[in-house]
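Note: the block below is start-v2.txt and it holds compact mmCIF, C-alpha atoms and all ligand atoms.
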```txt
# COMPACT_ATOMS: atom_id res chain seq x y z
CA MET A 1 121.96 100.25 84.82
CA ALA A 2 118.60 100.30 83.06
CA SER A 3 116.97 103.56 82.01
CA PRO A 4 114.50 104.95 84.56
CA ASP A 5 111.78 105.08 81.87
CA ARG A 6 112.31 101.45 80.92
CA MET A 7 108.95 99.81 80.25
CA THR A 8 109.93 96.22 80.94
CA PRO A 9 110.55 94.61 84.32
CA ASP A 10 114.17 94.68 85.49
CA PRO A 11 115.35 91.06 85.21
CA GLU A 12 117.81 91.63 88.04
CA ILE A 13 115.12 92.35 90.63
CA PRO A 14 113.47 89.27 92.14
CA THR A 15 109.69 88.91 92.05
CA VAL A 16 108.60 88.35 95.68
CA ALA A 17 104.91 87.75 94.91
CA THR A 18 102.19 88.05 92.32
CA TYR A 19 98.53 88.91 92.83
CA GLU A 20 95.64 88.27 90.44
CA ARG A 21 92.00 89.18 90.60
CA THR A 22 89.02 90.30 88.59
CA VAL A 23 87.65 93.71 89.49
CA ARG A 24 84.02 94.46 88.82
CA ALA A 25 84.63 97.60 86.83
CA SER A 26 85.33 98.34 83.17
CA ALA A 27 88.87 98.84 81.92
CA GLU A 28 87.93 102.48 81.30
CA ARG A 29 87.20 102.94 85.01
CA VAL A 30 90.40 101.08 85.91
CA TRP A 31 92.64 103.29 83.74
CA GLU A 32 90.94 106.38 85.10
CA ASN A 33 91.67 105.11 88.60
CA VAL A 34 95.31 104.34 87.76
CA LEU A 35 95.89 107.95 86.63
CA ASP A 36 94.02 109.37 89.61
CA TRP A 37 96.91 110.11 92.02
CA GLU A 38 94.78 112.43 94.12
CA HIS A 39 92.74 109.73 95.85
CA LEU A 40 95.66 108.02 97.60
CA PRO A 41 95.59 109.78 101.01
CA TRP A 42 91.76 109.92 101.05
CA LEU A 43 90.39 106.65 99.74
CA HIS A 44 93.49 104.78 100.94
CA ALA A 45 93.95 106.73 104.17
CA ASP A 46 95.11 103.57 105.98
CA ALA A 47 98.11 103.34 103.64
CA PHE A 48 98.96 106.93 102.68
CA GLN A 49 99.00 110.13 104.66
CA THR A 50 99.83 112.84 102.12
CA ILE A 51 100.63 113.20 98.43
CA GLN A 52 102.33 115.98 96.53
CA CYS A 53 102.08 115.59 92.79
CA GLU A 54 105.14 116.60 90.80
CA GLY A 55 103.69 115.99 87.35
CA ALA A 56 100.84 114.08 85.76
CA GLY A 57 99.43 113.32 82.35
CA ARG A 58 98.22 110.48 80.15
CA TRP A 59 101.72 108.99 80.61
CA GLY A 60 101.19 108.56 84.38
CA TRP A 61 102.35 110.64 87.33
CA ARG A 62 105.17 111.35 89.73
CA ALA A 63 104.64 112.26 93.35
CA ARG A 64 106.07 112.44 96.83
CA VAL A 65 104.00 110.41 99.24
CA SER A 66 104.12 110.00 103.00
CA LEU A 67 102.97 106.68 104.36
CA ALA A 68 100.25 106.35 106.98
CA ARG A 69 102.27 104.17 109.34
CA PRO A 70 104.42 106.09 111.84
CA PRO A 71 106.88 107.68 111.52
CA HIS A 72 105.22 108.50 108.15
CA PRO A 73 108.28 108.01 105.92
CA GLU A 74 108.30 110.01 102.72
CA ILE A 75 108.98 108.24 99.47
CA ALA A 76 108.99 109.32 95.84
CA ILE A 77 107.06 107.21 93.39
CA GLU A 78 106.37 107.30 89.68
CA LEU A 79 103.65 105.53 87.80
CA LEU A 80 104.27 105.02 84.09
CA VAL A 81 101.63 103.73 81.72
CA ASP A 82 102.25 101.56 78.68
CA ARG A 83 98.79 101.54 77.10
CA GLU A 84 99.91 99.52 74.10
CA ALA A 85 101.07 96.68 76.31
CA SER A 86 98.06 97.28 78.60
CA ARG A 87 100.18 97.59 81.69
CA TYR A 88 101.78 100.08 84.02
CA VAL A 89 104.60 100.17 86.51
CA THR A 90 104.74 101.88 89.88
CA ARG A 91 108.35 102.49 90.93
CA THR A 92 109.70 103.73 94.21
CA THR A 93 112.42 106.14 93.13
CA GLU A 94 113.49 107.54 96.54
CA GLY A 95 113.14 106.63 100.20
CA ALA A 96 112.34 103.32 101.87
CA GLY A 97 112.02 100.55 99.29
CA ALA A 98 113.71 102.56 96.52
CA GLY A 99 114.12 100.42 93.43
CA THR A 100 110.90 98.48 94.00
CA GLU A 101 108.87 97.96 90.82
CA ILE A 102 105.24 96.92 90.84
CA TRP A 103 104.03 95.83 87.42
CA THR A 104 100.31 95.62 86.75
CA GLU A 105 98.72 94.08 83.68
CA VAL A 106 95.18 95.21 82.86
CA THR A 107 92.99 92.87 80.81
CA PRO A 108 89.46 93.93 79.86
CA GLN A 109 86.90 91.17 80.48
CA GLY A 110 83.69 92.37 78.85
CA ASP A 111 82.08 95.72 79.65
CA ALA A 112 82.01 95.57 83.41
CA GLU A 113 84.96 93.48 84.53
CA THR A 114 88.72 93.73 84.26
CA GLY A 115 91.45 91.24 85.01
CA ILE A 116 94.38 92.51 87.05
CA ARG A 117 97.75 90.82 87.46
CA VAL A 118 100.30 92.44 89.71
CA ALA A 119 103.96 91.40 90.09
CA PHE A 120 105.98 92.79 93.01
CA LEU A 121 109.69 93.15 92.27
CA VAL A 122 111.62 94.10 95.40
CA PRO A 123 115.41 94.51 95.44
CA GLY A 124 117.72 93.78 98.35
CA ILE A 125 115.60 91.17 100.17
CA ALA A 126 117.33 88.02 101.37
CA PRO A 127 115.80 84.90 99.77
CA GLU A 128 114.43 83.63 103.10
CA HIS A 129 112.48 86.87 103.64
CA ARG A 130 110.98 87.18 100.17
CA ASP A 131 107.79 85.25 100.95
CA GLY A 132 107.06 87.37 104.01
CA VAL A 133 107.63 90.61 102.12
CA GLY A 134 105.55 89.28 99.23
CA GLN A 135 102.65 88.41 101.53
CA GLY A 136 102.75 91.92 102.94
CA TYR A 137 102.42 93.39 99.44
CA VAL A 138 99.59 91.03 98.50
CA SER A 139 97.68 91.91 101.63
CA LEU A 140 98.18 95.66 101.03
CA TYR A 141 97.14 95.41 97.38
CA THR A 142 94.08 93.31 98.21
CA THR A 143 92.86 96.18 100.39
CA LEU A 144 93.81 98.88 97.88
CA TRP A 145 92.02 97.11 95.03
CA ASP A 146 88.96 96.44 97.24
CA GLU A 147 88.77 100.16 97.98
CA ASP A 148 89.35 101.08 94.34
CA GLU A 149 86.71 98.61 93.17
CA ASP A 150 84.10 100.14 95.49
CA MET A 151 84.98 103.59 94.19
CA MET A 152 84.90 102.60 90.54
CA ARG A 153 81.54 100.84 90.93
CA GLU A 154 79.99 103.80 92.70
CA ARG A 155 81.32 106.20 90.07
CA GLN A 156 79.93 103.97 87.32
CA ARG A 157 76.52 104.03 89.04
CA ALA A 158 76.63 107.83 89.27
CA LEU A 159 77.47 108.04 85.56
CA ASP A 160 74.77 105.54 84.61
CA ASP A 161 72.17 107.40 86.69
CA GLY A 162 73.06 110.72 85.06
CA ALA A 163 73.98 112.15 88.48
CA LEU A 164 77.07 113.85 87.01
CA ALA A 165 75.39 115.31 83.94
CA ARG A 166 74.62 119.02 83.80
CA PRO A 167 71.28 119.54 85.59
CA PRO A 168 68.40 120.47 83.30
CA SER A 169 66.90 123.94 83.66
CA GLY A 170 63.24 124.74 84.24
CA ARG A 171 62.66 122.17 86.95
CA ASP A 172 59.51 122.62 89.04
CA PRO A 173 59.71 123.06 92.82
CA VAL A 174 59.47 119.86 94.87
CA ALA A 175 57.54 119.88 98.17
CA LEU A 176 59.32 118.55 101.27
CA GLY A 177 56.35 118.83 103.66
CA PRO A 178 56.06 120.66 106.98
CA VAL A 179 59.46 121.95 108.05
CA GLU A 180 58.75 120.87 111.64
CA ALA A 181 58.46 117.25 110.49
CA LEU A 182 61.74 117.20 108.56
CA ARG A 183 64.24 114.87 110.21
CA LEU A 184 67.63 116.24 109.26
CA PRO A 185 69.70 115.27 107.44
CA HIS A 186 66.91 114.41 105.03
CA GLU A 187 67.43 112.62 101.74
CA VAL A 188 65.07 113.22 98.86
CA ILE A 189 64.91 112.23 95.20
CA ALA A 190 63.82 115.17 93.08
CA HIS A 191 63.66 115.12 89.27
CA GLY A 192 65.56 111.84 89.26
CA ARG A 193 68.44 113.12 91.38
CA ARG A 194 69.22 112.45 95.00
CA TYR A 195 69.79 115.34 97.39
CA ARG A 196 70.48 115.71 101.09
CA VAL A 197 68.87 118.51 103.05
CA VAL A 198 70.94 119.74 105.98
CA ARG A 199 71.03 122.62 108.40
CA ALA A 200 74.11 124.82 108.22
CA GLY A 201 74.20 127.94 110.33
CA GLU A 202 70.78 129.55 110.34
CA GLY A 203 69.55 128.05 107.13
CA LEU A 204 68.62 124.85 105.38
CA HIS A 205 70.66 123.76 102.40
CA ALA A 206 70.34 120.99 99.84
CA HIS A 207 73.25 119.35 98.09
CA PRO A 208 73.53 116.43 95.68
CA THR A 209 74.62 113.16 97.27
CA ALA A 210 76.98 112.50 94.32
CA CYS A 211 80.12 114.63 94.46
CA PRO A 212 80.40 116.90 91.40
CA HIS A 213 84.06 115.96 91.00
CA LEU A 214 83.84 112.25 90.11
CA GLY A 215 80.68 111.10 91.87
CA GLY A 216 81.98 110.37 95.37
CA PRO A 217 79.48 109.66 98.15
CA LEU A 218 78.43 112.81 99.99
CA ALA A 219 75.34 111.35 101.69
CA GLN A 220 77.14 110.18 104.82
CA THR A 221 79.71 112.94 105.13
CA ASP A 222 79.87 115.13 108.19
CA LEU A 223 78.89 118.72 107.80
CA ARG A 224 81.64 121.02 109.08
CA ASP A 225 81.58 124.77 109.13
CA GLY A 226 78.94 124.94 106.40
CA ALA A 227 80.78 122.59 104.05
CA VAL A 228 80.91 118.93 103.05
CA THR A 229 84.16 117.07 102.35
CA CYS A 230 84.19 114.19 99.90
CA PRO A 231 85.91 111.00 101.12
CA TRP A 232 87.41 110.18 97.71
CA HIS A 233 89.73 113.15 97.08
CA GLY A 234 89.00 115.49 99.97
CA TYR A 235 87.33 118.26 97.98
CA THR A 236 85.41 120.49 100.39
CA PHE A 237 82.32 122.24 99.04
CA ASP A 238 80.91 125.35 100.66
CA LEU A 239 77.15 124.94 100.76
CA GLU A 240 76.49 128.70 100.45
CA THR A 241 78.56 129.25 97.33
CA GLY A 242 79.16 125.76 95.92
CA ARG A 243 82.87 126.63 95.67
CA GLU A 244 85.60 124.20 96.55
CA ARG A 245 87.33 125.67 99.57
CA GLY A 246 90.81 124.53 98.57
CA GLY A 247 90.50 126.60 95.40
CA ARG A 248 90.24 123.62 93.05
CA PRO A 249 88.43 124.30 89.79
CA CYS A 250 85.37 122.22 90.69
CA ARG A 251 82.04 123.62 91.75
CA MET A 252 78.85 122.21 93.18
CA ILE A 253 76.37 123.76 90.75
CA ASP A 254 73.27 121.69 91.44
CA ARG A 255 72.22 123.14 94.80
CA PRO A 256 68.47 123.70 94.97
CA ALA A 257 67.35 126.35 97.44
CA VAL A 258 65.37 125.17 100.43
CA VAL A 259 62.49 127.62 100.78
CA VAL A 260 60.18 127.62 103.81
CA GLU A 261 56.82 129.36 103.56
CA ALA A 262 53.93 129.11 105.98
CA GLY A 263 55.72 126.23 107.69
CA GLU A 264 56.05 124.22 104.46
CA ALA A 265 59.46 123.46 102.96
CA ARG A 266 60.22 122.97 99.29
CA LEU A 267 63.17 122.68 96.96
CA GLU A 268 63.46 125.37 94.33
CA PHE A 269 65.74 124.97 91.37
CA ASP A 270 67.61 127.47 89.22
CA THR A 271 67.24 130.23 91.78
S1 LIG B 1 84.78 112.49 93.83
FE1 LIG B 1 86.65 113.53 94.00
S2 LIG B 1 86.38 114.84 95.67
FE2 LIG B 1 84.52 113.82 95.43
FE FE B 2 93.62 103.42 94.41
```

Spit out the file's structure as structure tokens when you get a sec.
Ligand code: FES
Ligand SMILES: [Fe+2]
Amino acid sequence: MASPDRMTPDPEIPTVATYERTVRASAERVWENVLDWEHLPWLHADAFQTIQCEGAGRWGWRARVSLARPPHPEIAIELLVDREASRYVTRTTEGAGAGTEIWTEVTPQGDAETGIRVAFLVPGIAPEHRDGVGQGYVSLYTTLWDEDEDMMRERQRALDDGALARPPSGRDPVALGPVEALRLPHEVIAHGRRYRVVRAGEGLHAHPTACPHLGGPLAQTDLRDGAVTCPWHGYTFDLETGRERGGRPCRMIDRPAVVVEAGEARLEFDT
């Protein structure tokens, strides 16, 4: 029996399919995404329902995951990175499909593209069913990589635009016009950053449209109970305090005040 930390494919497990594509994101974004276990039940909500991390680091991560399809079976998976060989393996260690190994090779292609090659090794499948199982994996991984690619591209844009950098101090107020004419939610670019003005409770609030965690899209999110929840990892930011309501160490710092005076609204910074 091979060691569980073995970093080569198990020759005894048949490969039921392979999947290759180019993703329009740098290898840096791809590796970041590979180590990011937290996005599974949010970005990939059609595939995963919950995740409980049992350990994570530069080496990879281990977690218990429940699948989105009823009856939501729970499985344990580990993802181990071999940076030298530019590949990683995702293994199912417990539950349905235990013993499955998914090997992914990551090949940088310039600054903004990365080649991906995935091999699906699934034990215990009769030869006549391997193609069907393989097609299922390819279809699932096509969707997962599509979703990941969108996320990585948006994050790259947020980084390139400086939306995740510490906001400068000493910014002048920015006029929003007559408060009566504001159609909420209202998006505005102020000092090169994009904000959304919303009503929560009695007051008006402004929040950045790029999530302070990794740049997720907050512009289209529903406002619930005075907070916005990011669709990438589910962080929920209280608009009054900027705190993450789940207690995660991430805060929305860049929240200009919306001040209304004599019927005119404006954003004020550093208040
Ligand atoms: S980017 Fe992670 S919660 Fe928003
Ligand atoms: Fe993903």

Dump as JSON lines the rows for residues of region 48-147 of chain A within 12 Å of region 232-235 of chain A: closest atom pair and distance in Å with one decimal, all atoms listed in the file counted, ordered by chain and rising residue number.
```
{"residue": "A:Thr50", "atom": "CA", "partner": "A:His233", "partner_atom": "CA", "distance": 11.3}
{"residue": "A:Ile51", "atom": "CA", "partner": "A:His233", "partner_atom": "CA", "distance": 11.0}
{"residue": "A:Glu147", "atom": "CA", "partner": "A:Trp232", "partner_atom": "CA", "distance": 10.1}
```

Report the closest atom pair, with its distance in Å rounded to one decimal, for each residue of chain A that has an atom no farther than 9 Å from ligand LIG 1 (chain B); count only C-alpha atoms and all ligand atoms, sort by chain and then rising residue number, and write it as CSV.
```
residue,atom,partner,partner_atom,distance
A:Glu38,CA,B:LIG1,FE1,8.2
A:His39,CA,B:LIG1,FE1,7.4
A:Met151,CA,B:LIG1,S1,8.9
A:Arg155,CA,B:LIG1,S1,8.1
A:Ala210,CA,B:LIG1,FE2,7.7
A:Cys211,CA,B:LIG1,FE2,4.6
A:Pro212,CA,B:LIG1,FE2,6.5
A:His213,CA,B:LIG1,S1,4.5
A:Leu214,CA,B:LIG1,S1,3.8
A:Gly215,CA,B:LIG1,S1,4.8
A:Gly216,CA,B:LIG1,S1,3.8
A:Pro217,CA,B:LIG1,FE2,7.1
A:Leu218,CA,B:LIG1,FE2,7.7
A:Thr229,CA,B:LIG1,S2,7.4
A:Cys230,CA,B:LIG1,FE2,4.5
A:Pro231,CA,B:LIG1,FE2,6.5
A:Trp232,CA,B:LIG1,FE1,5.1
A:His233,CA,B:LIG1,S2,4.0
A:Gly234,CA,B:LIG1,S2,5.1
A:Tyr235,CA,B:LIG1,S2,4.2
A:Thr236,CA,B:LIG1,S2,7.4
A:Cys250,CA,B:LIG1,S2,9.0
```

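All residues of protein, DNA or RNA that reach within 9 Å of Ala175 (chain A), judged by only C-alpha atoms and not counting those fewer than 5 positions away in the chain, are Glu264, Ala265, Arg266, Leu267 and Glu268 of chain A.
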
For chain A against ligand FE 2 (chain B), with a cut-off of 12 Å and counting all atoms listed in the file, what is the closest atom pair and its distance in Å to one decimal for every residue that makes the cut, ordered by chain and number, as JSON lines?
```
{"residue": "A:Arg29", "atom": "CA", "partner": "B:FE2", "partner_atom": "FE", "distance": 11.4}
{"residue": "A:Val30", "atom": "CA", "partner": "B:FE2", "partner_atom": "FE", "distance": 9.4}
{"residue": "A:Trp31", "atom": "CA", "partner": "B:FE2", "partner_atom": "FE", "distance": 10.7}
{"residue": "A:Glu32", "atom": "CA", "partner": "B:FE2", "partner_atom": "FE", "distance": 10.1}
{"residue": "A:Asn33", "atom": "CA", "partner": "B:FE2", "partner_atom": "FE", "distance": 6.4}
{"residue": "A:Val34", "atom": "CA", "partner": "B:FE2", "partner_atom": "FE", "distance": 6.9}
{"residue": "A:Leu35", "atom": "CA", "partner": "B:FE2", "partner_atom": "FE", "distance": 9.3}
{"residue": "A:Asp36", "atom": "CA", "partner": "B:FE2", "partner_atom": "FE", "distance": 7.7}
{"residue": "A:Trp37", "atom": "CA", "partner": "B:FE2", "partner_atom": "FE", "distance": 7.8}
{"residue": "A:Glu38", "atom": "CA", "partner": "B:FE2", "partner_atom": "FE", "distance": 9.1}
{"residue": "A:His39", "atom": "CA", "partner": "B:FE2", "partner_atom": "FE", "distance": 6.5}
{"residue": "A:Leu40", "atom": "CA", "partner": "B:FE2", "partner_atom": "FE", "distance": 6.0}
{"residue": "A:Pro41", "atom": "CA", "partner": "B:FE2", "partner_atom": "FE", "distance": 9.4}
{"residue": "A:Trp42", "atom": "CA", "partner": "B:FE2", "partner_atom": "FE", "distance": 9.5}
{"residue": "A:Leu43", "atom": "CA", "partner": "B:FE2", "partner_atom": "FE", "distance": 7.0}
{"residue": "A:His44", "atom": "CA", "partner": "B:FE2", "partner_atom": "FE", "distance": 6.7}
{"residue": "A:Ala45", "atom": "CA", "partner": "B:FE2", "partner_atom": "FE", "distance": 10.3}
{"residue": "A:Asp46", "atom": "CA", "partner": "B:FE2", "partner_atom": "FE", "distance": 11.7}
{"residue": "A:Ala47", "atom": "CA", "partner": "B:FE2", "partner_atom": "FE", "distance": 10.3}
{"residue": "A:Phe48", "atom": "CA", "partner": "B:FE2", "partner_atom": "FE", "distance": 10.5}
{"residue": "A:Leu140", "atom": "CA", "partner": "B:FE2", "partner_atom": "FE", "distance": 11.2}
{"residue": "A:Tyr141", "atom": "CA", "partner": "B:FE2", "partner_atom": "FE", "distance": 9.2}
{"residue": "A:Thr142", "atom": "CA", "partner": "B:FE2", "partner_atom": "FE", "distance": 10.8}
{"residue": "A:Thr143", "atom": "CA", "partner": "B:FE2", "partner_atom": "FE", "distance": 9.4}
{"residue": "A:Leu144", "atom": "CA", "partner": "B:FE2", "partner_atom": "FE", "distance": 5.7}
{"residue": "A:Trp145", "atom": "CA", "partner": "B:FE2", "partner_atom": "FE", "distance": 6.5}
{"residue": "A:Asp146", "atom": "CA", "partner": "B:FE2", "partner_atom": "FE", "distance": 8.9}
{"residue": "A:Glu147", "atom": "CA", "partner": "B:FE2", "partner_atom": "FE", "distance": 6.8}
{"residue": "A:Asp148", "atom": "CA", "partner": "B:FE2", "partner_atom": "FE", "distance": 4.9}
{"residue": "A:Glu149", "atom": "CA", "partner": "B:FE2", "partner_atom": "FE", "distance": 8.5}
{"residue": "A:Asp150", "atom": "CA", "partner": "B:FE2", "partner_atom": "FE", "distance": 10.1}
{"residue": "A:Met151", "atom": "CA", "partner": "B:FE2", "partner_atom": "FE", "distance": 8.6}
{"residue": "A:Met152", "atom": "CA", "partner": "B:FE2", "partner_atom": "FE", "distance": 9.6}
{"residue": "A:Trp232", "atom": "CA", "partner": "B:FE2", "partner_atom": "FE", "distance": 9.8}
{"residue": "A:His233", "atom": "CA", "partner": "B:FE2", "partner_atom": "FE", "distance": 10.8}
```

Residue list as a compact mmCIF listing (two decimals) with C-alpha atoms, in the frame of the given file for point (67.3, 115.0, 106.3), cut-off 7 Å, only C-alpha atoms:
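Result written to out32.txt:
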```txt
# COMPACT_ATOMS: atom_id res chain seq x y z
CA LEU A 182 61.74 117.20 108.56
CA ARG A 183 64.24 114.87 110.21
CA LEU A 184 67.63 116.24 109.26
CA PRO A 185 69.70 115.27 107.44
CA HIS A 186 66.91 114.41 105.03
CA GLU A 187 67.43 112.62 101.74
CA ARG A 196 70.48 115.71 101.09
CA VAL A 197 68.87 118.51 103.05
CA VAL A 198 70.94 119.74 105.98
```

Would you tabulate, counting all atoms listed in the file, all residues of region 59-104 of chain A that have an atom at most 12 Å from an atom of region 123-128 of chain A, showing the closest pair of atoms and their distance in Å to one decimal, sorted by chain then ascending number, as JSON lines?
```
{"residue": "A:Arg91", "atom": "CA", "partner": "A:Pro123", "partner_atom": "CA", "distance": 11.6}
{"residue": "A:Thr92", "atom": "CA", "partner": "A:Pro123", "partner_atom": "CA", "distance": 10.9}
{"residue": "A:Ala96", "atom": "CA", "partner": "A:Pro123", "partner_atom": "CA", "distance": 11.3}
{"residue": "A:Gly97", "atom": "CA", "partner": "A:Pro123", "partner_atom": "CA", "distance": 7.9}
{"residue": "A:Ala98", "atom": "CA", "partner": "A:Pro123", "partner_atom": "CA", "distance": 8.3}
{"residue": "A:Gly99", "atom": "CA", "partner": "A:Pro123", "partner_atom": "CA", "distance": 6.4}
{"residue": "A:Thr100", "atom": "CA", "partner": "A:Pro123", "partner_atom": "CA", "distance": 6.2}
{"residue": "A:Glu101", "atom": "CA", "partner": "A:Pro123", "partner_atom": "CA", "distance": 8.7}
{"residue": "A:Ile102", "atom": "CA", "partner": "A:Pro123", "partner_atom": "CA", "distance": 11.4}
```

May I ask which of the residues A:Arg117, A:Thr104, A:Gly110, A:Ala181 is the closest one to Gly263 (chain A), counting only C-alpha atoms?
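Smallest distance to Gly263 (chain A) is found for A:Ala181.
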
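When CA of Ile116 (chain A) is paired with CA of Asp161 (chain A), their separation reads 26.7 Å.
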
Near-Pro173 (chain A) list (10 Å; all atoms listed in the file; drop same-chain fewer than 4 positions) as a count of residues only:
11

When you count all atoms listed in the file, which of these residues is closest to Val122 (chain A): A:Thr209, A:Thr90, A:Thr241, A:Thr107?
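Nearest candidate to Val122 (chain A) out of A:Thr209, A:Thr90, A:Thr241, A:Thr107: A:Thr90.
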
Could you jot down the CA of Pro168 (chain A) to CA of Pro208 (chain A) separation for me, Å, one decimal place?
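Separating CA of Pro168 (chain A) from CA of Pro208 (chain A) is a distance of 14.0 Å.
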
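Atom pair CA of Ser169 (chain A) / CA of Val188 (chain A): separated by 18.7 Å.
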
Give, as JSON, the centre coordinates and the x, y and z edge lengths in Å to one decimal for an axis-aligned box around all listed atoms of region 77-94 of chain A, padded by 6 Å on each side.
```
{"center_x": 105.8, "center_y": 102.1, "center_z": 85.3, "size_x": 27.4, "size_y": 22.9, "size_z": 34.4}
```

Kindly indicate which residue among A:Ile189, A:Ile253, A:Val179, A:Leu239 lies nearest to Ala165 (chain A), using all atoms listed in the file for the distances.
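Among the listed residues, A:Ile253 lies closest to Ala165 (chain A).
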
Identify which of the residues A:Ala25, A:Val16, A:Pro11, A:Arg255 lies closest to Gln135 (chain A), counting only C-alpha atoms when measuring atom-to-atom distances.
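Closest candidate: A:Val16.
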
Which is closer to Val133 (chain A) than all the others in A:Met252, A:Leu67, A:Ala27, A:Thr15, using all atoms listed in the file?
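Of A:Met252, A:Leu67, A:Ala27, A:Thr15, the one nearest Val133 (chain A) is A:Thr15, counting all atoms listed in the file.
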
Scan for residues within 7 Å of the point (79.2, 97.6, 89.3) in the coordinates of the file, using all atoms listed in the file, and reply as a ChimeraX atom specification.
/A:24-25,112,153,156-157

Completion step: region 30-48 of chain A with N, CA and C atoms as a JSON list (two decimals), keeping the file's coordinate frame:
```
[["chain", "number", "residue", "atom", "x", "y", "z"],
["A", 30, "VAL", "N", 89.12, 101.47, 85.31],
["A", 30, "VAL", "CA", 90.40, 101.08, 85.91],
["A", 30, "VAL", "C", 91.50, 102.04, 85.49],
["A", 31, "TRP", "N", 91.59, 102.37, 84.19],
["A", 31, "TRP", "CA", 92.64, 103.29, 83.74],
["A", 31, "TRP", "C", 92.47, 104.68, 84.34],
["A", 32, "GLU", "N", 91.22, 105.08, 84.46],
["A", 32, "GLU", "CA", 90.94, 106.38, 85.10],
["A", 32, "GLU", "C", 91.47, 106.36, 86.53],
["A", 33, "ASN", "N", 91.24, 105.25, 87.21],
["A", 33, "ASN", "CA", 91.67, 105.11, 88.60],
["A", 33, "ASN", "C", 93.20, 105.09, 88.71],
["A", 34, "VAL", "N", 93.84, 104.44, 87.75],
["A", 34, "VAL", "CA", 95.31, 104.34, 87.76],
["A", 34, "VAL", "C", 95.93, 105.74, 87.66],
["A", 35, "LEU", "N", 95.35, 106.60, 86.83],
["A", 35, "LEU", "CA", 95.89, 107.95, 86.63],
["A", 35, "LEU", "C", 95.48, 108.92, 87.73],
["A", 36, "ASP", "N", 94.58, 108.50, 88.57],
["A", 36, "ASP", "CA", 94.02, 109.37, 89.61],
["A", 36, "ASP", "C", 94.91, 109.31, 90.87],
["A", 37, "TRP", "N", 95.98, 110.11, 90.88],
["A", 37, "TRP", "CA", 96.91, 110.11, 92.02],
["A", 37, "TRP", "C", 96.27, 110.72, 93.27],
["A", 38, "GLU", "N", 95.29, 111.59, 93.04],
["A", 38, "GLU", "CA", 94.78, 112.43, 94.12],
["A", 38, "GLU", "C", 94.02, 111.64, 95.20],
["A", 39, "HIS", "N", 93.57, 110.45, 94.87],
["A", 39, "HIS", "CA", 92.74, 109.73, 95.85],
["A", 39, "HIS", "C", 93.56, 109.00, 96.92],
["A", 40, "LEU", "N", 94.87, 108.89, 96.71],
["A", 40, "LEU", "CA", 95.66, 108.02, 97.60],
["A", 40, "LEU", "C", 95.48, 108.32, 99.11],
["A", 41, "PRO", "N", 95.70, 109.57, 99.56],
["A", 41, "PRO", "CA", 95.59, 109.78, 101.01],
["A", 41, "PRO", "C", 94.15, 109.87, 101.51],
["A", 42, "TRP", "N", 93.16, 109.83, 100.62],
["A", 42, "TRP", "CA", 91.76, 109.92, 101.05],
["A", 42, "TRP", "C", 91.12, 108.54, 101.03],
["A", 43, "LEU", "N", 91.02, 107.98, 99.84],
["A", 43, "LEU", "CA", 90.39, 106.65, 99.74],
["A", 43, "LEU", "C", 91.25, 105.60, 100.44],
["A", 44, "HIS", "N", 92.57, 105.75, 100.33],
["A", 44, "HIS", "CA", 93.49, 104.78, 100.94],
["A", 44, "HIS", "C", 94.18, 105.40, 102.15],
["A", 45, "ALA", "N", 93.38, 106.00, 103.02],
["A", 45, "ALA", "CA", 93.95, 106.73, 104.17],
["A", 45, "ALA", "C", 94.69, 105.80, 105.12],
["A", 46, "ASP", "N", 94.40, 104.50, 105.09],
["A", 46, "ASP", "CA", 95.11, 103.57, 105.98],
["A", 46, "ASP", "C", 96.52, 103.29, 105.47],
["A", 47, "ALA", "N", 96.78, 103.61, 104.22],
["A", 47, "ALA", "CA", 98.11, 103.34, 103.64],
["A", 47, "ALA", "C", 98.92, 104.60, 103.40],
["A", 48, "PHE", "N", 98.24, 105.70, 103.05],
["A", 48, "PHE", "CA", 98.96, 106.93, 102.68],
["A", 48, "PHE", "C", 98.47, 108.10, 103.51]]
```
